[in-house]
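*Asks:* Contents are mmCIF, C-alpha atoms; file name run.cif:
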data_query
#
loop_
_atom_site.label_atom_id
_atom_site.label_comp_id
_atom_site.auth_asym_id
_atom_site.auth_seq_id
_atom_site.Cartn_x
_atom_site.Cartn_y
_atom_site.Cartn_z
CA MET G 7 71.47 106.09 90.73
CA TRP G 8 72.79 105.65 87.19
CA VAL G 9 71.03 105.03 83.88
CA GLY G 10 70.69 101.38 82.93
CA ALA G 11 71.42 99.93 86.37
CA PRO G 12 70.50 96.25 86.71
CA ALA G 13 68.80 96.62 90.11
CA ARG G 14 67.79 99.10 92.81
CA LEU G 15 71.10 99.34 94.60
CA ASP G 16 70.17 102.53 96.46
CA ASP G 17 67.06 100.80 97.85
CA MET G 18 68.99 97.69 98.83
CA ILE G 19 71.62 99.30 101.07
CA TRP G 20 70.81 102.53 102.86
CA GLY G 21 73.28 105.38 102.30
CA VAL G 22 74.96 103.97 99.18
CA ARG G 23 75.51 106.33 96.25
CA VAL G 24 76.81 105.02 92.94
CA GLU G 25 78.73 107.26 90.54
CA GLY G 26 79.01 105.89 87.01
CA ASP G 27 77.52 103.04 84.98
CA PHE G 28 79.05 99.61 85.56
CA GLN G 29 77.63 97.99 82.44
CA ARG G 30 78.62 100.85 80.14
CA ASP G 31 81.94 101.96 81.61
CA GLY G 32 83.18 98.86 83.43
CA ALA G 33 83.88 100.86 86.60
CA VAL G 34 81.90 102.76 89.22
CA CYS G 35 82.52 104.51 92.52
CA VAL G 36 80.26 103.48 95.39
CA ARG G 37 80.22 106.18 98.07
CA GLY G 38 79.65 104.91 101.58
CA ALA G 39 79.94 101.30 100.45
CA VAL G 40 81.46 100.14 103.74
CA ALA G 41 80.32 101.02 107.26
CA PRO G 42 82.86 102.56 109.68
CA GLU G 43 83.18 99.37 111.76
CA HIS G 44 84.06 97.41 108.63
CA VAL G 45 86.55 100.08 107.54
CA GLU G 46 88.34 99.47 110.83
CA LEU G 47 88.07 95.71 110.29
CA ALA G 48 89.74 96.12 106.89
CA ARG G 49 92.54 98.17 108.45
CA ARG G 50 93.20 95.39 110.95
CA ALA G 51 93.07 92.82 108.18
CA ILE G 52 95.65 94.67 106.09
CA GLU G 53 98.02 95.15 109.03
CA ALA G 54 97.65 91.47 109.98
CA ASN G 55 98.56 90.53 106.42
CA LEU G 56 101.59 92.84 106.35
CA ALA G 57 102.79 91.28 109.61
CA ASP G 58 102.39 87.76 108.21
CA LEU G 59 103.02 87.75 104.46
CA SER G 60 102.27 84.60 102.51
CA PRO G 61 104.61 82.90 100.01
CA LEU G 62 102.63 84.68 97.26
CA ALA G 63 103.59 88.14 98.52
CA LYS G 64 105.77 90.28 96.29
CA ARG G 65 107.33 93.70 96.12
CA ALA G 66 106.25 95.59 93.00
CA SER G 67 108.56 98.59 93.40
CA ASP G 68 112.30 99.02 92.92
CA THR G 69 114.71 99.06 95.83
CA GLY G 70 114.98 102.64 97.06
CA ASP G 71 111.51 103.57 95.83
CA GLY G 72 109.41 103.38 98.97
CA ALA G 73 107.58 100.06 99.04
CA PHE G 74 104.70 98.63 97.00
CA ILE G 75 103.72 95.33 98.62
CA GLU G 76 101.10 92.91 97.30
CA ASP G 77 99.75 89.68 98.76
CA PHE G 78 97.00 87.32 97.66
CA CYS G 79 94.62 84.58 98.81
CA ASN G 80 94.81 84.92 102.59
CA TRP G 81 91.15 84.81 103.64
CA SER G 82 91.32 81.19 104.77
CA ARG G 83 94.19 81.84 107.21
CA LEU G 84 93.61 85.44 108.34
CA PRO G 85 90.23 85.72 110.12
CA ASP G 86 89.84 89.48 109.66
CA ILE G 87 90.03 89.18 105.87
CA GLU G 88 87.41 86.42 105.93
CA ARG G 89 85.17 88.47 108.24
CA PHE G 90 85.42 91.49 105.96
CA ALA G 91 84.53 89.42 102.90
CA VAL G 92 81.54 87.87 104.64
CA GLU G 93 80.22 90.78 106.72
CA SER G 94 81.01 94.01 104.86
CA GLY G 95 78.21 93.77 102.29
CA ALA G 96 80.66 94.11 99.41
CA ALA G 97 79.46 90.89 97.77
CA ALA G 98 75.87 92.16 97.74
CA ILE G 99 76.94 95.36 95.99
CA ALA G 100 78.95 93.33 93.47
CA GLY G 101 75.96 91.08 92.87
CA GLU G 102 73.68 94.02 92.15
CA LEU G 103 76.21 95.67 89.84
CA MET G 104 76.73 92.43 87.91
CA GLY G 105 73.05 91.48 87.94
CA ALA G 106 74.10 88.10 89.33
CA GLY G 107 72.04 85.54 91.20
CA THR G 108 75.01 84.22 93.16
CA VAL G 109 78.35 85.80 94.09
CA ARG G 110 81.47 83.81 94.94
CA LEU G 111 84.74 85.10 96.32
CA TYR G 112 87.53 84.53 93.80
CA HIS G 113 90.36 85.86 95.95
CA ASP G 114 91.47 88.64 98.25
CA HIS G 115 94.33 90.96 97.32
CA VAL G 116 96.13 93.38 99.64
CA LEU G 117 98.00 96.26 97.97
CA VAL G 118 99.99 98.73 100.05
CA LYS G 119 101.99 101.67 98.74
CA GLU G 120 104.03 103.22 101.51
CA PRO G 121 104.76 107.00 101.59
CA GLY G 122 107.17 108.15 98.92
CA THR G 123 106.54 105.25 96.54
CA ARG G 124 106.84 106.68 93.02
CA GLN G 125 106.12 103.38 91.25
CA ARG G 126 103.00 103.64 89.11
CA THR G 127 100.76 100.68 88.50
CA PRO G 128 100.85 100.54 84.67
CA TRP G 129 97.83 100.14 82.43
CA HIS G 130 96.58 96.57 82.38
CA GLN G 131 93.55 94.28 82.53
CA ASP G 132 93.17 91.69 85.29
CA GLN G 133 91.36 88.83 83.60
CA PRO G 134 94.27 87.72 81.35
CA TYR G 135 96.18 86.91 84.56
CA TYR G 136 93.35 84.73 85.88
CA ASN G 137 92.20 81.13 85.39
CA VAL G 138 88.55 82.04 84.78
CA ASP G 139 86.39 82.81 81.75
CA GLY G 140 83.04 84.59 81.69
CA ARG G 141 81.62 88.09 81.65
CA GLN G 142 79.93 88.33 85.05
CA ASN G 143 82.65 89.49 87.42
CA ALA G 144 83.57 92.46 89.57
CA SER G 145 86.58 93.56 91.60
CA MET G 146 86.25 95.78 94.65
CA TRP G 147 89.16 98.17 95.30
CA PHE G 148 88.74 99.43 98.85
CA PRO G 149 91.27 101.88 100.33
CA VAL G 150 91.25 102.42 104.08
CA ASP G 151 93.14 105.72 103.73
CA PRO G 152 92.05 108.87 101.86
CA VAL G 153 93.16 108.62 98.23
CA PRO G 154 93.58 111.78 96.10
CA LEU G 155 93.04 111.74 92.35
CA ALA G 156 96.79 111.59 91.74
CA SER G 157 97.04 108.21 93.51
CA THR G 158 93.69 106.61 92.75
CA LEU G 159 92.75 103.96 90.19
CA GLN G 160 92.03 105.29 86.71
CA PHE G 161 90.01 103.40 84.10
CA VAL G 162 89.56 103.51 80.34
CA ALA G 163 85.78 103.64 80.25
CA GLY G 164 84.22 100.93 78.11
CA SER G 165 87.44 98.97 77.59
CA HIS G 166 85.86 95.89 79.22
CA LEU G 167 83.78 95.54 76.05
CA GLY G 168 86.86 95.28 73.84
CA PRO G 169 89.68 92.76 73.31
CA TRP G 170 92.05 91.15 75.75
CA PHE G 171 95.45 92.86 75.85
CA MET G 172 98.92 91.46 76.46
CA PRO G 173 99.66 91.34 80.20
CA ARG G 174 103.17 92.44 81.12
CA SER G 175 105.12 92.44 84.36
CA PHE G 176 104.88 95.73 86.22
CA LEU G 177 108.58 96.39 86.82
CA ASP G 178 110.27 95.31 83.57
CA ASP G 179 107.36 95.36 81.08
CA ARG G 180 108.03 91.78 79.98
CA ALA G 181 105.37 89.49 78.50
CA LYS G 182 106.00 86.66 80.94
CA TRP G 183 102.65 84.91 80.52
CA PHE G 184 101.80 84.90 76.81
CA PRO G 185 104.14 84.40 73.84
CA GLU G 186 104.92 87.73 72.18
CA GLY G 187 102.27 88.61 69.62
CA SER G 188 99.60 86.22 70.90
CA LEU G 189 97.37 89.04 72.19
CA ALA G 190 96.84 92.64 71.13
CA GLU G 191 99.32 95.14 72.51
CA LEU G 192 98.07 97.64 75.04
CA PRO G 193 97.08 100.99 73.57
CA ASP G 194 99.33 103.92 74.53
CA VAL G 195 96.93 105.32 77.09
CA ALA G 196 99.59 107.26 78.98
CA GLY G 197 101.00 108.79 75.79
CA ARG G 198 97.60 109.59 74.25
CA PRO G 199 95.23 110.26 77.16
CA ASP G 200 93.03 112.51 75.00
CA GLY G 201 92.20 109.50 72.83
CA HIS G 202 90.42 107.70 75.66
CA ARG G 203 87.67 108.49 78.15
CA ILE G 204 89.43 108.06 81.47
CA VAL G 205 87.48 107.98 84.73
CA GLY G 206 88.63 107.89 88.34
CA TRP G 207 87.60 109.14 91.75
CA ALA G 208 89.18 110.63 94.84
CA LEU G 209 88.12 108.40 97.72
CA GLU G 210 87.54 108.65 101.45
CA PRO G 211 87.48 105.68 103.86
CA GLY G 212 84.18 103.90 103.29
CA ASP G 213 84.16 104.58 99.54
CA ALA G 214 85.00 101.78 97.11
CA VAL G 215 85.54 101.31 93.41
CA PHE G 216 84.04 98.30 91.62
CA PHE G 217 85.32 97.37 88.17
CA HIS G 218 85.16 94.62 85.56
CA MET G 219 88.20 92.35 85.30
CA LEU G 220 88.68 93.38 81.64
CA THR G 221 88.56 97.13 82.27
CA LEU G 222 91.93 98.73 81.55
CA HIS G 223 93.17 100.44 84.69
CA ALA G 224 96.26 102.04 86.21
CA ALA G 225 97.22 103.96 89.35
CA GLY G 226 99.69 106.63 90.35
CA GLY G 227 102.37 106.50 93.00
CA VAL G 228 102.13 107.89 96.52
CA PRO G 229 104.54 110.83 96.49
CA GLY G 230 103.37 112.44 99.73
CA PRO G 231 103.69 111.49 103.40
CA HIS G 232 100.63 109.23 103.54
CA ARG G 233 100.11 105.50 103.00
CA ARG G 234 97.72 103.97 100.50
CA ARG G 235 96.45 100.71 101.97
CA VAL G 236 93.94 98.77 99.89
CA LEU G 237 92.00 95.57 100.50
CA SER G 238 90.65 94.28 97.20
CA LEU G 239 88.13 91.48 96.78
CA ARG G 240 87.51 89.73 93.44
CA PHE G 241 83.99 88.43 92.87
CA LEU G 242 82.58 85.85 90.43
CA GLY G 243 79.04 85.80 89.07
CA ASP G 244 76.82 83.18 87.48
CA ASP G 245 78.58 82.55 84.15
CA ILE G 246 82.18 82.25 85.38
CA VAL G 247 83.88 78.93 84.66
CA HIS G 248 87.27 77.38 85.29
CA ALA G 249 89.73 78.09 82.48
CA PRO G 250 93.10 76.39 83.07
CA ARG G 251 95.86 78.32 81.31
CA PRO G 252 99.05 77.11 79.64
CA TRP G 253 100.83 79.97 81.42
CA ALA G 254 101.34 80.78 85.10
CA THR G 255 98.35 82.65 86.49
CA SER G 256 98.50 85.33 89.15
CA PRO G 257 97.49 84.27 91.68
CA PRO G 258 98.13 80.58 91.07
CA PHE G 259 95.77 77.89 92.31
CA PRO G 260 98.00 74.79 92.49
CA GLY G 261 96.20 71.50 91.97
CA LEU G 262 92.88 73.08 91.01
CA VAL G 263 93.13 71.63 87.51
CA ASP G 264 92.88 68.16 89.09
CA GLU G 265 89.68 69.07 90.96
CA LEU G 266 87.75 71.29 88.52
CA ALA G 267 87.36 70.37 84.86
CA PRO G 268 87.87 73.04 82.19
CA GLY G 269 84.58 74.85 81.68
CA ALA G 270 83.19 73.78 85.06
CA PRO G 271 81.50 76.32 87.36
CA MET G 272 83.73 77.54 90.20
CA ASP G 273 81.93 75.34 92.72
CA HIS G 274 84.86 74.65 95.05
CA PRO G 275 85.70 75.43 98.71
CA LEU G 276 88.39 77.86 97.54
CA PHE G 277 85.63 80.07 96.11
CA PRO G 278 82.87 80.30 98.73
CA VAL G 279 79.42 81.70 97.99
CA LEU G 280 79.09 85.05 99.77
CA TRP G 281 75.73 86.25 98.50
CA THR G 282 72.63 84.84 96.84
CA ARG G 283 69.80 86.92 95.43
CA THR G 284 66.49 86.39 97.23
CA ARG G 285 62.96 86.99 96.04
CA GLU G 286 62.72 90.03 98.33
CA MET G 287 65.77 91.65 96.75
CA ILE G 288 64.37 91.54 93.25
CA GLY G 289 60.64 91.79 93.92
#
Would you kindly transcribe this structure into structure tokens?
*Replies:*
Amino acid sequence: MWVGAPARLDDMIWGVRVEGDFQRDGAVCVRGAVAPEHVELARRAIEANLADLSPLAKRASDTGDGAFIEDFCNWSRLPDIERFAVESGAAAIAGELMGAGTVRLYHDHVLVKEPGTRQRTPWHQDQPYYNVDGRQNASMWFPVDPVPLASTLQFVAGSHLGPWFMPRSFLDDRAKWFPEGSLAELPDVAGRPDGHRIVGWALEPGDAVFFHMLTLHAAGGVPGPHRRRVLSLRFLGDDIVHAPRPWATSPPFPGLVDELAPGAPMDHPLFPVLWTRTREMIG
């Protein structure tokens, strides 16, 4: 267990080991977060998604550079993604890390880098792309294949406590969402790695990384012969509210602005409650 943890996570779920401090660093590794049967469920969910991509799917790698495929918001139409979100226990872990009373699903996100994909995921924060405000959030990054350090997520520890940075498109580095100069520019993490405390973990199936939506993160390519298939779930805690943006969010939620007022809690069927703290969990 780590110093300053908000709850007894090790006592709550047998076999879980947490490496890091979520509140301090904005990212932790949870060893054995997902049971083997749910690892297999996630594999089926990812393959079902790849076989039936939604209109939100996109390729985030250049032609001729393997394939980096992303898709979003498919839990309501692909039963295995919904089952994983509900049954895997990931929401309970997120709730304990956040110290939340209630955990909602924000969205699911499948990310697959096929063998030989050199495309890096550049340094960025997630929350500037989203239509939510609030501090109590967590993303689960769950690979169903072994991930070496060279291909795993890396984080700038503590960056979730700092400013929002300009989001840019992954392939051409354009500021498509905010007018130039409206947010701070990203620090040169890649060029000055010694100036930042960077954390990351090699992962085996069953391990997961949980991180804050404002934590700066990046990932390497997959140069070897193996795939890197990831099912990511984004979770919302107690203080998260709807924040319509004047720019296009990723993912978009068309029509939501007509159903949820700015500043309203995310109490909507698109964002189901997955976990609620009980007296027994905190007693």
*Asks:* Atom CA of G:Arg240 to atom CA of G:Phe148: how many Å, to one decimal?
*Replies:*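 Value for the atom CA of G:Arg240-atom CA of G:Phe148 distance: 11.2 Å.
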*Asks:* For the PyMOL selection byres ((chain G and resi 250) around 12), applied here, can you spell out every residue it catches as a short mmCIF file (atom, residue, chain, number, x, y, z; two decimals) with C-alpha atoms, in the coordinates of the input?
*Replies:*
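Result saved to selection_37.cif:
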data_model
loop_
_atom_site.label_atom_id
_atom_site.label_comp_id
_atom_site.auth_asym_id
_atom_site.auth_seq_id
_atom_site.Cartn_x
_atom_site.Cartn_y
_atom_site.Cartn_z
CA PRO G 134 94.27 87.72 81.35
CA TYR G 135 96.18 86.91 84.56
CA TYR G 136 93.35 84.73 85.88
CA ASN G 137 92.20 81.13 85.39
CA VAL G 138 88.55 82.04 84.78
CA ASP G 139 86.39 82.81 81.75
CA VAL G 247 83.88 78.93 84.66
CA HIS G 248 87.27 77.38 85.29
CA ALA G 249 89.73 78.09 82.48
CA ARG G 251 95.86 78.32 81.31
CA PRO G 252 99.05 77.11 79.64
CA TRP G 253 100.83 79.97 81.42
CA ALA G 254 101.34 80.78 85.10
CA THR G 255 98.35 82.65 86.49
CA PRO G 258 98.13 80.58 91.07
CA PHE G 259 95.77 77.89 92.31
CA PRO G 260 98.00 74.79 92.49
CA GLY G 261 96.20 71.50 91.97
CA LEU G 262 92.88 73.08 91.01
CA VAL G 263 93.13 71.63 87.51
CA ASP G 264 92.88 68.16 89.09
CA GLU G 265 89.68 69.07 90.96
CA LEU G 266 87.75 71.29 88.52
CA ALA G 267 87.36 70.37 84.86
CA PRO G 268 87.87 73.04 82.19
CA GLY G 269 84.58 74.85 81.68
CA ALA G 270 83.19 73.78 85.06
CA MET G 272 83.73 77.54 90.20
#
*Asks:* Would you mind reading off the distance between atom CA of G:Leu62 and atom CA of G:Val118, one decimal, in Å?
*Replies:*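 So the two atoms, atom CA of G:Leu62 and atom CA of G:Val118, lie 14.6 Å apart.
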*Asks:* Taking the file as shown, what set of residues would the PyMOL selection byres ((chain G and resi 170) around 12) give back, as a ChimeraX atom specification?
*Replies:* /G:130-135,139,165-169,171-173,184,188-193,219-222
*Asks:* With a distance cut-off of 12 Å and all atoms listed in the file, select the neighbouring residues of G:Asp77, excluding the residue or stretch itself and same-chain residues fewer than 4 positions from it, and output the selection as an mmCIF file with C-alpha atoms, keeping the file's coordinate frame.
*Replies:*
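Done, and the output landed in out28.cif:
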data_model
loop_
_atom_site.group_PDB
_atom_site.id
_atom_site.type_symbol
_atom_site.label_atom_id
_atom_site.label_comp_id
_atom_site.auth_asym_id
_atom_site.auth_seq_id
_atom_site.Cartn_x
_atom_site.Cartn_y
_atom_site.Cartn_z
ATOM 1 C CA ALA G 51 93.070 92.820 108.180
ATOM 2 C CA ILE G 52 95.650 94.670 106.090
ATOM 3 C CA GLU G 53 98.020 95.150 109.030
ATOM 4 C CA ALA G 54 97.650 91.470 109.980
ATOM 5 C CA ASN G 55 98.560 90.530 106.420
ATOM 6 C CA LEU G 56 101.590 92.840 106.350
ATOM 7 C CA ALA G 57 102.790 91.280 109.610
ATOM 8 C CA ASP G 58 102.390 87.760 108.210
ATOM 9 C CA LEU G 59 103.020 87.750 104.460
ATOM 10 C CA SER G 60 102.270 84.600 102.510
ATOM 11 C CA PRO G 61 104.610 82.900 100.010
ATOM 12 C CA LEU G 62 102.630 84.680 97.260
ATOM 13 C CA ALA G 63 103.590 88.140 98.520
ATOM 14 C CA LYS G 64 105.770 90.280 96.290
ATOM 15 C CA ARG G 65 107.330 93.700 96.120
ATOM 16 C CA ALA G 66 106.250 95.590 93.000
ATOM 17 C CA TRP G 81 91.150 84.810 103.640
ATOM 18 C CA HIS G 113 90.360 85.860 95.950
ATOM 19 C CA ASP G 114 91.470 88.640 98.250
ATOM 20 C CA HIS G 115 94.330 90.960 97.320
ATOM 21 C CA VAL G 116 96.130 93.380 99.640
ATOM 22 C CA LEU G 117 98.000 96.260 97.970
ATOM 23 C CA VAL G 118 99.990 98.730 100.050
ATOM 24 C CA ARG G 235 96.450 100.710 101.970
ATOM 25 C CA VAL G 236 93.940 98.770 99.890
ATOM 26 C CA LEU G 237 92.000 95.570 100.500
ATOM 27 C CA SER G 238 90.650 94.280 97.200
ATOM 28 C CA LEU G 239 88.130 91.480 96.780
ATOM 29 C CA SER G 256 98.500 85.330 89.150
ATOM 30 C CA PRO G 257 97.490 84.270 91.680
#
*Asks:* May I have the protein, DNA and RNA residues with an atom at most 7 Å from (88.6, 103.8, 86.4), counting all atoms listed in the file in the file's coordinates, returned as a PyMOL selection string?
*Replies:* chain G and resi 33+159-163+204-206+223
*Asks:* Rounded to one decimal in Å, what is the spacing between atom CA of G:Trp129 and atom CA of G:Gly32?
*Replies:*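 If I compute the distance from atom CA of G:Trp129 to atom CA of G:Gly32, I get 14.7 Å.
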*Asks:* List as a list in words the protein and nucleic acid residues near G:Pro229, meaning an atom at most 8 Å away when all atoms listed in the file are counted, but skip any in the same chain fewer than 4 places from it.
*Replies:* Pro121, Gly122, Thr123 and Arg124 of chain G
*Asks:* Under the PyMOL selection byres ((chain G and resi 277-280) around 10), which residues of this model are included? Write them out as a list of chain:residue names.
*Replies:*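 For this structure, the PyMOL selection byres ((chain G and resi 277-280) around 10) captures G:Ala91, G:Val92, G:Glu93, G:Gly95, G:Ala96, G:Ala97, G:Ala98, G:Gly101, G:Thr108, G:Val109, G:Arg110, G:Leu111, G:Tyr112, G:His113, G:Phe241, G:Leu242, G:Gly243, G:Met272, G:Asp273, G:His274, G:Pro275, G:Leu276, G:Trp281, G:Thr282.
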*Asks:* Would you write out those residues with C-alpha atoms, as a PDB file, in the frame of the given file?
*Replies:*
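File out01.pdb, as written:
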ATOM      1  CA  ALA G  91      84.530  89.420 102.900  1.00  0.00           C
ATOM      2  CA  VAL G  92      81.540  87.870 104.640  1.00  0.00           C
ATOM      3  CA  GLU G  93      80.220  90.780 106.720  1.00  0.00           C
ATOM      4  CA  GLY G  95      78.210  93.770 102.290  1.00  0.00           C
ATOM      5  CA  ALA G  96      80.660  94.110  99.410  1.00  0.00           C
ATOM      6  CA  ALA G  97      79.460  90.890  97.770  1.00  0.00           C
ATOM      7  CA  ALA G  98      75.870  92.160  97.740  1.00  0.00           C
ATOM      8  CA  GLY G 101      75.960  91.080  92.870  1.00  0.00           C
ATOM      9  CA  THR G 108      75.010  84.220  93.160  1.00  0.00           C
ATOM     10  CA  VAL G 109      78.350  85.800  94.090  1.00  0.00           C
ATOM     11  CA  ARG G 110      81.470  83.810  94.940  1.00  0.00           C
ATOM     12  CA  LEU G 111      84.740  85.100  96.320  1.00  0.00           C
ATOM     13  CA  TYR G 112      87.530  84.530  93.800  1.00  0.00           C
ATOM     14  CA  HIS G 113      90.360  85.860  95.950  1.00  0.00           C
ATOM     15  CA  PHE G 241      83.990  88.430  92.870  1.00  0.00           C
ATOM     16  CA  LEU G 242      82.580  85.850  90.430  1.00  0.00           C
ATOM     17  CA  GLY G 243      79.040  85.800  89.070  1.00  0.00           C
ATOM     18  CA  MET G 272      83.730  77.540  90.200  1.00  0.00           C
ATOM     19  CA  ASP G 273      81.930  75.340  92.720  1.00  0.00           C
ATOM     20  CA  HIS G 274      84.860  74.650  95.050  1.00  0.00           C
ATOM     21  CA  PRO G 275      85.700  75.430  98.710  1.00  0.00           C
ATOM     22  CA  LEU G 276      88.390  77.860  97.540  1.00  0.00           C
ATOM     23  CA  TRP G 281      75.730  86.250  98.500  1.00  0.00           C
ATOM     24  CA  THR G 282      72.630  84.840  96.840  1.00  0.00           C
TER      25      THR G 282
END
*Asks:* Counting all atoms listed in the file, select every polymer residue within 7 Å of (102.1, 99.3, 87.1) as defined in the file's coordinates, and provide the selection as a list of chain:residue names.
*Replies:*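 The distance filter leaves exactly G:Arg126, G:Thr127, G:Pro128, G:Trp129, G:Phe176, G:Ala224.
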*Asks:* Produce a file of the selected residues containing C-alpha atoms, as a PDB file, in the frame of the given file.
*Replies:*
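Saved the output as selection-v3.pdb:
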ATOM      1  CA  ARG G 126     103.000 103.640  89.110  1.00  0.00           C
ATOM      2  CA  THR G 127     100.760 100.680  88.500  1.00  0.00           C
ATOM      3  CA  PRO G 128     100.850 100.540  84.670  1.00  0.00           C
ATOM      4  CA  TRP G 129      97.830 100.140  82.430  1.00  0.00           C
ATOM      5  CA  PHE G 176     104.880  95.730  86.220  1.00  0.00           C
ATOM      6  CA  ALA G 224      96.260 102.040  86.210  1.00  0.00           C
TER       7      ALA G 224
END
*Asks:* Write out as an NGL selection string each polymer residue whose atoms come within 8 Å of stretch 149-152 of chain G, counting all atoms listed in the file; drop sequence neighbours fewer than 2 positions from it.
*Replies:* :G and (45-46 or 48-49 or 147 or 154 or 208-214 or 233-237)
